[in-house]
Amino acid sequence: MTTVLDPTGERQVAERALLDRPSSIEGKVVGLLDITKPRGDVFLDHLEQGLRRRGVADVVRFAKPTYTKPAPVDLRHEISTKCDLVIEALAD
Amino acid sequence: MTERPPLPDGFVAVVKQDCPTCQLVEPVLVQLVDAAELVAVVTQDDPSFPDLTTASSTPERTFDDDLAISYLWDIETVPTLLRIEDGEEVERIVGWDRQQWQDLTGLPDLGPDLPDWRPGCGSLSVDPMRADELAGRFSASGLRSRRVEFAELEDDFEAMWDRGWSDGLPLVPPTEARVARMLAGTTRAPDEVVAVVPPDLVECTVEKVAVNAVMAGCLPEHLPVVLSALEAACTREFNMHGLLATTFFSGPILIVNGPIRQRIGMNSGVNALGQGNRANSTIGRALQLVVRNVGGGLPGGVDRATLGSPGKLGFCFAEDEEGSPFTPLSVDRGLEPGVDAVTLFAGHGPTSIIDQKSREPESLVRSFAAVLRANAHPKLPLKIDAVLVISPEHGRIFREAGWGRVQLMARLGELLLLDSDELVQGAGGIAEGIPEAFAGMQLPKFREGGLLVCHAGGGAGLFSAVLGGWVNGEEGSDPVTVPIGT
């Protein structure tokens, strides 16, 4: 019988419940996060138009400084305080 | 680390029966007991040895059958005479040397019938047959990693595979003894945090690096390179997170400079970028296993590579500094000559450069430029770095013409100044390219510092190599060169 040392980070993953899905987007503030891949903005422009036609209160646009790194904490905080919903888009 | 068993204040002798010198000093030990100097005797192999029945009193006697005292008090030779004060060792002598024993104890006429001097014997605690087991037993008890016990009927190698720890190749089981032995390769404490490893941003200790280094097949002397490489990989500049997550081919490439190359037996010669050398093959693998196991970066998880590349199993080689016409890569990147260093480059490859005809640097450098121009795509300048690995036979052409690094880089810079009209989107009937707004100018293929040059390879073959990079700079990754610690 062999005993070895666990090579993993032995993380205790914090489980968080998902928020309830909103029954409607009407009157909500929607954030659109561009990860700054080429033409992501084109896709998000279309989404923004569609969302505005469907009666959202506002659409707020955000962009990551670079698609290769996780979004900075400040940006994530800003999105969470300004928006009811957020859509993150990858395009190429 | 296990706490050291205490020893009483005064003189303590550590002996074994199976040692002629220990047997020789038996009457001296009696003299020391009679003089009320010797307070304790520790015996490694025979509790009845030494025979002190003729002594006027009996000192504390300990049979060190588990060698805890011998190992944890670093006894390497028997006999060892220790002087303990307030529970701490203040002096020790080993073997038999009458003058030393008399000086240390302050007693005259010790062992008058004995020869003046006899060397000691090896302590059982440094017996090669037992040293690993002891290291495992005593050092590993301080290790904090969860213990994973494989079942009786599990095959160790299959068990590790089943737990998701493998990169697809067999792993060495990271037992306590192996991890403890690995940790002997560094002066750093097992619980020291080396880096915060992406993508899960987990604090990774020296111990966790050692566990993964064992699995990768590293030797203890490889560990400092793995530790420094991990530190370099987890910097903001290198951006290991993005490099892992990208759909692109690249992974971390490690290029080692300095005397450590010879010390740990790295290959910078024949097949330098290939298989067959333990240090080259396992050091890069260990780094990738840390990213996988500690950071949680799994292919198909956060690793989204479209095609990937075989170098992602581990890509590490040494520069041939001694045969190079150029200054070493680490020196070019700002470190002092002779300093052990590892350079991390986000890349893949190699791409071949064949030039068997050039005998003049000007011709050869044009070959290099022609291939380098195609790095990533012939129409994409500035965004992707590369490493140019120049082989000895190509290097010789520069050396014989008196070209050093500066001249080579200057000429490559001139030859790789590109006409942007050929690069814009649609030019040459190819949609890929740079925006039209950049038309009508000259653009360098590589950004400042974006072409790294090093020297490696076997003595025969008029071939050099390009290791293509990933997107560079703030948007992606910058090469990082760090000194290798201990």
# chains A, B, ... in the order shown; residues from 1 in each chain; ligands from 1
>>> interface_residues(of="chain A", to="chain B", cutoff="8 Å", atoms="only C-alpha atoms", output="list in words")
Met1, Thr2, Thr3, Val4, Leu5, Asp6, Pro7, Thr8, Gly9, Glu10, Arg11, Pro65, Thr66, Tyr67, Thr68, Lys69 and Pro70 of chain A
>>> write_last_selection(atoms="N, CA and C atoms", output="PDB file, in the first residue's frame")
ATOM      1  N   MET A   1       0.855  -1.198   0.000  1.00  0.00           N
ATOM      2  CA  MET A   1       0.000   0.000   0.000  1.00  0.00           C
ATOM      3  C   MET A   1       0.893   1.250   0.000  1.00  0.00           C
ATOM      4  N   THR A   2       0.630   2.143  -0.931  1.00  0.00           N
ATOM      5  CA  THR A   2       1.480   3.324  -1.056  1.00  0.00           C
ATOM      6  C   THR A   2       0.736   4.549  -0.541  1.00  0.00           C
ATOM      7  N   THR A   3       1.452   5.392   0.200  1.00  0.00           N
ATOM      8  CA  THR A   3       0.895   6.677   0.612  1.00  0.00           C
ATOM      9  C   THR A   3       1.686   7.770  -0.084  1.00  0.00           C
ATOM     10  N   VAL A   4       0.973   8.663  -0.744  1.00  0.00           N
ATOM     11  CA  VAL A   4       1.645   9.759  -1.455  1.00  0.00           C
ATOM     12  C   VAL A   4       1.101  11.081  -0.940  1.00  0.00           C
ATOM     13  N   LEU A   5       1.797  12.164  -1.327  1.00  0.00           N
ATOM     14  CA  LEU A   5       1.354  13.502  -0.941  1.00  0.00           C
ATOM     15  C   LEU A   5       0.494  14.076  -2.069  1.00  0.00           C
ATOM     16  N   ASP A   6      -0.570  14.705  -1.696  1.00  0.00           N
ATOM     17  CA  ASP A   6      -1.500  15.301  -2.665  1.00  0.00           C
ATOM     18  C   ASP A   6      -0.795  16.420  -3.433  1.00  0.00           C
ATOM     19  N   PRO A   7      -0.691  16.293  -4.754  1.00  0.00           N
ATOM     20  CA  PRO A   7       0.013  17.324  -5.526  1.00  0.00           C
ATOM     21  C   PRO A   7      -0.857  18.536  -5.869  1.00  0.00           C
ATOM     22  N   THR A   8      -2.110  18.507  -5.509  1.00  0.00           N
ATOM     23  CA  THR A   8      -3.012  19.594  -5.915  1.00  0.00           C
ATOM     24  C   THR A   8      -2.966  20.736  -4.915  1.00  0.00           C
ATOM     25  N   GLY A   9      -3.638  21.817  -5.266  1.00  0.00           N
ATOM     26  CA  GLY A   9      -3.707  22.985  -4.394  1.00  0.00           C
ATOM     27  C   GLY A   9      -4.586  22.759  -3.181  1.00  0.00           C
ATOM     28  N   GLU A  10      -5.284  21.634  -3.121  1.00  0.00           N
ATOM     29  CA  GLU A  10      -6.175  21.297  -1.996  1.00  0.00           C
ATOM     30  C   GLU A  10      -7.113  22.460  -1.679  1.00  0.00           C
ATOM     31  N   ARG A  11      -7.660  23.026  -2.698  1.00  0.00           N
ATOM     32  CA  ARG A  11      -8.547  24.191  -2.493  1.00  0.00           C
ATOM     33  C   ARG A  11      -9.857  23.772  -1.846  1.00  0.00           C
ATOM     34  N   PRO A  65      -8.963  45.373 -20.156  1.00  0.00           N
ATOM     35  CA  PRO A  65      -7.755  45.966 -20.760  1.00  0.00           C
ATOM     36  C   PRO A  65      -7.140  45.030 -21.803  1.00  0.00           C
ATOM     37  N   THR A  66      -7.175  43.736 -21.571  1.00  0.00           N
ATOM     38  CA  THR A  66      -6.680  42.774 -22.548  1.00  0.00           C
ATOM     39  C   THR A  66      -7.425  41.453 -22.380  1.00  0.00           C
ATOM     40  N   TYR A  67      -7.645  40.787 -23.504  1.00  0.00           N
ATOM     41  CA  TYR A  67      -8.358  39.508 -23.449  1.00  0.00           C
ATOM     42  C   TYR A  67      -7.530  38.393 -22.834  1.00  0.00           C
ATOM     43  N   THR A  68      -6.233  38.646 -22.676  1.00  0.00           N
ATOM     44  CA  THR A  68      -5.369  37.553 -22.205  1.00  0.00           C
ATOM     45  C   THR A  68      -5.266  37.475 -20.684  1.00  0.00           C
ATOM     46  N   LYS A  69      -5.838  38.445 -19.998  1.00  0.00           N
ATOM     47  CA  LYS A  69      -5.721  38.427 -18.537  1.00  0.00           C
ATOM     48  C   LYS A  69      -7.108  38.553 -17.921  1.00  0.00           C
ATOM     49  N   PRO A  70      -7.290  38.012 -16.722  1.00  0.00           N
ATOM     50  CA  PRO A  70      -8.604  38.141 -16.076  1.00  0.00           C
ATOM     51  C   PRO A  70      -8.974  39.616 -15.881  1.00  0.00           C
TER      52      PRO A  70
END
>>> select_by_dssp(residues="range 276-329 of chain B", states="helix (DSSP H, G or I)", output="list in words")
Arg278, Ala279, Asn280, Ser281, Thr282, Ile283, Gly284, Arg285, Ala286, Leu287, Gln288, Leu289, Val290, Val291, Arg292, Asn293, Pro310, Gly311, Lys312, Leu313 and Leu329 of chain B
>>> write_last_selection(atoms="N, CA and C atoms", output="PDB file, in the first residue's frame")
ATOM      1  N   ARG B 278      17.605  14.092 -18.725  1.00  0.00           N
ATOM      2  CA  ARG B 278      16.653  14.110 -17.611  1.00  0.00           C
ATOM      3  C   ARG B 278      16.318  15.525 -17.135  1.00  0.00           C
ATOM      4  N   ALA B 279      17.334  16.353 -16.951  1.00  0.00           N
ATOM      5  CA  ALA B 279      17.068  17.708 -16.453  1.00  0.00           C
ATOM      6  C   ALA B 279      16.211  18.482 -17.446  1.00  0.00           C
ATOM      7  N   ASN B 280      16.604  18.461 -18.720  1.00  0.00           N
ATOM      8  CA  ASN B 280      15.832  19.187 -19.735  1.00  0.00           C
ATOM      9  C   ASN B 280      14.383  18.717 -19.746  1.00  0.00           C
ATOM     10  N   SER B 281      14.207  17.382 -19.694  1.00  0.00           N
ATOM     11  CA  SER B 281      12.863  16.834 -19.870  1.00  0.00           C
ATOM     12  C   SER B 281      11.978  17.028 -18.651  1.00  0.00           C
ATOM     13  N   THR B 282      12.564  16.997 -17.459  1.00  0.00           N
ATOM     14  CA  THR B 282      11.699  17.002 -16.274  1.00  0.00           C
ATOM     15  C   THR B 282      11.469  18.387 -15.681  1.00  0.00           C
ATOM     16  N   ILE B 283      12.394  19.310 -15.860  1.00  0.00           N
ATOM     17  CA  ILE B 283      12.234  20.629 -15.235  1.00  0.00           C
ATOM     18  C   ILE B 283      11.046  21.368 -15.854  1.00  0.00           C
ATOM     19  N   GLY B 284      11.004  21.371 -17.183  1.00  0.00           N
ATOM     20  CA  GLY B 284       9.868  22.019 -17.844  1.00  0.00           C
ATOM     21  C   GLY B 284       8.564  21.315 -17.530  1.00  0.00           C
ATOM     22  N   ARG B 285       8.635  19.985 -17.419  1.00  0.00           N
ATOM     23  CA  ARG B 285       7.434  19.213 -17.104  1.00  0.00           C
ATOM     24  C   ARG B 285       6.934  19.537 -15.696  1.00  0.00           C
ATOM     25  N   ALA B 286       7.876  19.683 -14.764  1.00  0.00           N
ATOM     26  CA  ALA B 286       7.485  19.983 -13.381  1.00  0.00           C
ATOM     27  C   ALA B 286       6.709  21.301 -13.312  1.00  0.00           C
ATOM     28  N   LEU B 287       7.200  22.303 -14.042  1.00  0.00           N
ATOM     29  CA  LEU B 287       6.493  23.590 -14.048  1.00  0.00           C
ATOM     30  C   LEU B 287       5.062  23.407 -14.559  1.00  0.00           C
ATOM     31  N   GLN B 288       4.919  22.677 -15.650  1.00  0.00           N
ATOM     32  CA  GLN B 288       3.588  22.467 -16.214  1.00  0.00           C
ATOM     33  C   GLN B 288       2.688  21.635 -15.291  1.00  0.00           C
ATOM     34  N   LEU B 289       3.289  20.700 -14.549  1.00  0.00           N
ATOM     35  CA  LEU B 289       2.481  19.916 -13.603  1.00  0.00           C
ATOM     36  C   LEU B 289       2.002  20.787 -12.444  1.00  0.00           C
ATOM     37  N   VAL B 290       2.827  21.755 -12.029  1.00  0.00           N
ATOM     38  CA  VAL B 290       2.379  22.679 -10.976  1.00  0.00           C
ATOM     39  C   VAL B 290       1.182  23.489 -11.479  1.00  0.00           C
ATOM     40  N   VAL B 291       1.283  23.963 -12.713  1.00  0.00           N
ATOM     41  CA  VAL B 291       0.165  24.739 -13.270  1.00  0.00           C
ATOM     42  C   VAL B 291      -1.085  23.862 -13.353  1.00  0.00           C
ATOM     43  N   ARG B 292      -0.893  22.599 -13.716  1.00  0.00           N
ATOM     44  CA  ARG B 292      -2.026  21.686 -13.829  1.00  0.00           C
ATOM     45  C   ARG B 292      -2.629  21.356 -12.461  1.00  0.00           C
ATOM     46  N   ASN B 293      -1.772  20.904 -11.556  1.00  0.00           N
ATOM     47  CA  ASN B 293      -2.281  20.331 -10.306  1.00  0.00           C
ATOM     48  C   ASN B 293      -2.554  21.370  -9.228  1.00  0.00           C
ATOM     49  N   PRO B 310       3.616  19.908 -28.694  1.00  0.00           N
ATOM     50  CA  PRO B 310       4.194  18.892 -27.806  1.00  0.00           C
ATOM     51  C   PRO B 310       5.049  19.491 -26.704  1.00  0.00           C
ATOM     52  N   GLY B 311       5.583  20.704 -26.934  1.00  0.00           N
ATOM     53  CA  GLY B 311       6.405  21.358 -25.909  1.00  0.00           C
ATOM     54  C   GLY B 311       5.628  21.700 -24.657  1.00  0.00           C
ATOM     55  N   LYS B 312       4.304  21.640 -24.713  1.00  0.00           N
ATOM     56  CA  LYS B 312       3.525  21.939 -23.512  1.00  0.00           C
ATOM     57  C   LYS B 312       3.637  20.834 -22.464  1.00  0.00           C
ATOM     58  N   LEU B 313       4.177  19.691 -22.829  1.00  0.00           N
ATOM     59  CA  LEU B 313       4.528  18.700 -21.810  1.00  0.00           C
ATOM     60  C   LEU B 313       5.685  19.195 -20.950  1.00  0.00           C
ATOM     61  N   LEU B 329      22.415  34.606 -23.321  1.00  0.00           N
ATOM     62  CA  LEU B 329      21.090  35.226 -23.332  1.00  0.00           C
ATOM     63  C   LEU B 329      20.800  35.963 -22.025  1.00  0.00           C
TER      64      LEU B 329
END
>>> residues_around(residues="Asp74 in chain A", least_positions_apart="5", cutoff="12 Å", atoms="only C-alpha atoms", output="ChimeraX atom specification")
/A:62,64-65,79-81
>>> residues_around(residues="range 38-48 of chain A", least_positions_apart="4", cutoff="9 Å", atoms="only C-alpha atoms", output="MDAnalysis selection string")
chainID A and resid 30 32:34 52:53 59:61 89:92
>>> write_last_selection(atoms="N, CA and C atoms", output="PDB file, in the first residue's frame")
ATOM      1  N   VAL A  30     -28.231  46.656 -18.064  1.00  0.00           N
ATOM      2  CA  VAL A  30     -27.459  45.520 -18.564  1.00  0.00           C
ATOM      3  C   VAL A  30     -26.024  45.974 -18.885  1.00  0.00           C
ATOM      4  N   LEU A  32     -22.434  45.233 -20.717  1.00  0.00           N
ATOM      5  CA  LEU A  32     -21.856  44.422 -21.795  1.00  0.00           C
ATOM      6  C   LEU A  32     -20.338  44.510 -21.663  1.00  0.00           C
ATOM      7  N   LEU A  33     -19.707  43.383 -21.410  1.00  0.00           N
ATOM      8  CA  LEU A  33     -18.257  43.359 -21.210  1.00  0.00           C
ATOM      9  C   LEU A  33     -17.563  42.852 -22.471  1.00  0.00           C
ATOM     10  N   ASP A  34     -16.793  43.735 -23.067  1.00  0.00           N
ATOM     11  CA  ASP A  34     -16.014  43.397 -24.262  1.00  0.00           C
ATOM     12  C   ASP A  34     -14.650  42.890 -23.786  1.00  0.00           C
ATOM     13  N   ARG A  52     -31.879  47.422 -26.206  1.00  0.00           N
ATOM     14  CA  ARG A  52     -32.594  48.706 -26.058  1.00  0.00           C
ATOM     15  C   ARG A  52     -34.009  48.594 -26.635  1.00  0.00           C
ATOM     16  N   ARG A  53     -34.126  47.858 -27.754  1.00  0.00           N
ATOM     17  CA  ARG A  53     -35.467  47.672 -28.335  1.00  0.00           C
ATOM     18  C   ARG A  53     -36.377  46.900 -27.381  1.00  0.00           C
ATOM     19  N   VAL A  59     -28.033  50.342 -21.065  1.00  0.00           N
ATOM     20  CA  VAL A  59     -26.962  49.399 -21.392  1.00  0.00           C
ATOM     21  C   VAL A  59     -25.643  50.113 -21.093  1.00  0.00           C
ATOM     22  N   VAL A  60     -24.819  49.514 -20.271  1.00  0.00           N
ATOM     23  CA  VAL A  60     -23.528  50.118 -19.934  1.00  0.00           C
ATOM     24  C   VAL A  60     -22.423  49.243 -20.529  1.00  0.00           C
ATOM     25  N   ARG A  61     -21.487  49.892 -21.244  1.00  0.00           N
ATOM     26  CA  ARG A  61     -20.434  49.128 -21.923  1.00  0.00           C
ATOM     27  C   ARG A  61     -19.145  49.128 -21.092  1.00  0.00           C
ATOM     28  N   ALA A  89     -18.787  38.875 -23.735  1.00  0.00           N
ATOM     29  CA  ALA A  89     -18.780  38.363 -25.107  1.00  0.00           C
ATOM     30  C   ALA A  89     -17.374  38.056 -25.584  1.00  0.00           C
ATOM     31  N   LEU A  90     -17.246  36.931 -26.239  1.00  0.00           N
ATOM     32  CA  LEU A  90     -16.008  36.555 -26.907  1.00  0.00           C
ATOM     33  C   LEU A  90     -16.267  36.540 -28.400  1.00  0.00           C
ATOM     34  N   ALA A  91     -15.460  37.255 -29.134  1.00  0.00           N
ATOM     35  CA  ALA A  91     -15.609  37.218 -30.589  1.00  0.00           C
ATOM     36  C   ALA A  91     -14.226  37.188 -31.201  1.00  0.00           C
ATOM     37  N   ASP A  92     -14.149  36.816 -32.445  1.00  0.00           N
ATOM     38  CA  ASP A  92     -12.840  36.777 -33.093  1.00  0.00           C
ATOM     39  C   ASP A  92     -13.049  36.771 -34.590  1.00  0.00           C
TER      40      ASP A  92
END
>>> residues_around(residues="Gly111 in chain B", least_positions_apart="6", cutoff="9 Å", atoms="only C-alpha atoms", output="list in words")
Leu24, Val25, Pro27, Val28, Gln31 and Arg98 of chain B
>>> atom_distance(atom1="CA of Ala229 in chain B", atom2="CA of Asn271 in chain B")
22.0 Å
>>> residues_around(residues="Arg54 in chain A", least_positions_apart="3", cutoff="7 Å", atoms="only C-alpha atoms", output="MDAnalysis selection string")
chainID A and resid 26 50:51
>>> residues_around(residues="Pro5 in chain B", least_positions_apart="6", cutoff="10 Å", atoms="only C-alpha atoms", output="PyMOL selection string")
chain B and resi 68-70+72-73+87
>>> write_last_selection(atoms="C-alpha atoms", output="CSV table (one decimal), in the first residue's frame")
chain,number,residue,atom,x,y,z
B,68,ALA,CA,16.1,9.5,15.8
B,69,ILE,CA,18.9,11.0,17.9
B,70,SER,CA,21.6,10.2,15.4
B,72,LEU,CA,18.2,14.7,14.1
B,73,TRP,CA,21.5,15.6,15.8
B,87,GLY,CA,20.2,21.5,25.7
>>> atom_distance(atom1="CA of Met409 in chain B", atom2="CA of Val453 in chain B")
8.6 Å
>>> select_by_dssp(residues="range 240-389 of chain B", states="strand (DSSP E)", output="VMD selection string")
chain B and resid 251 to 257 315 to 318 341 to 347 351 to 354 384 to 389
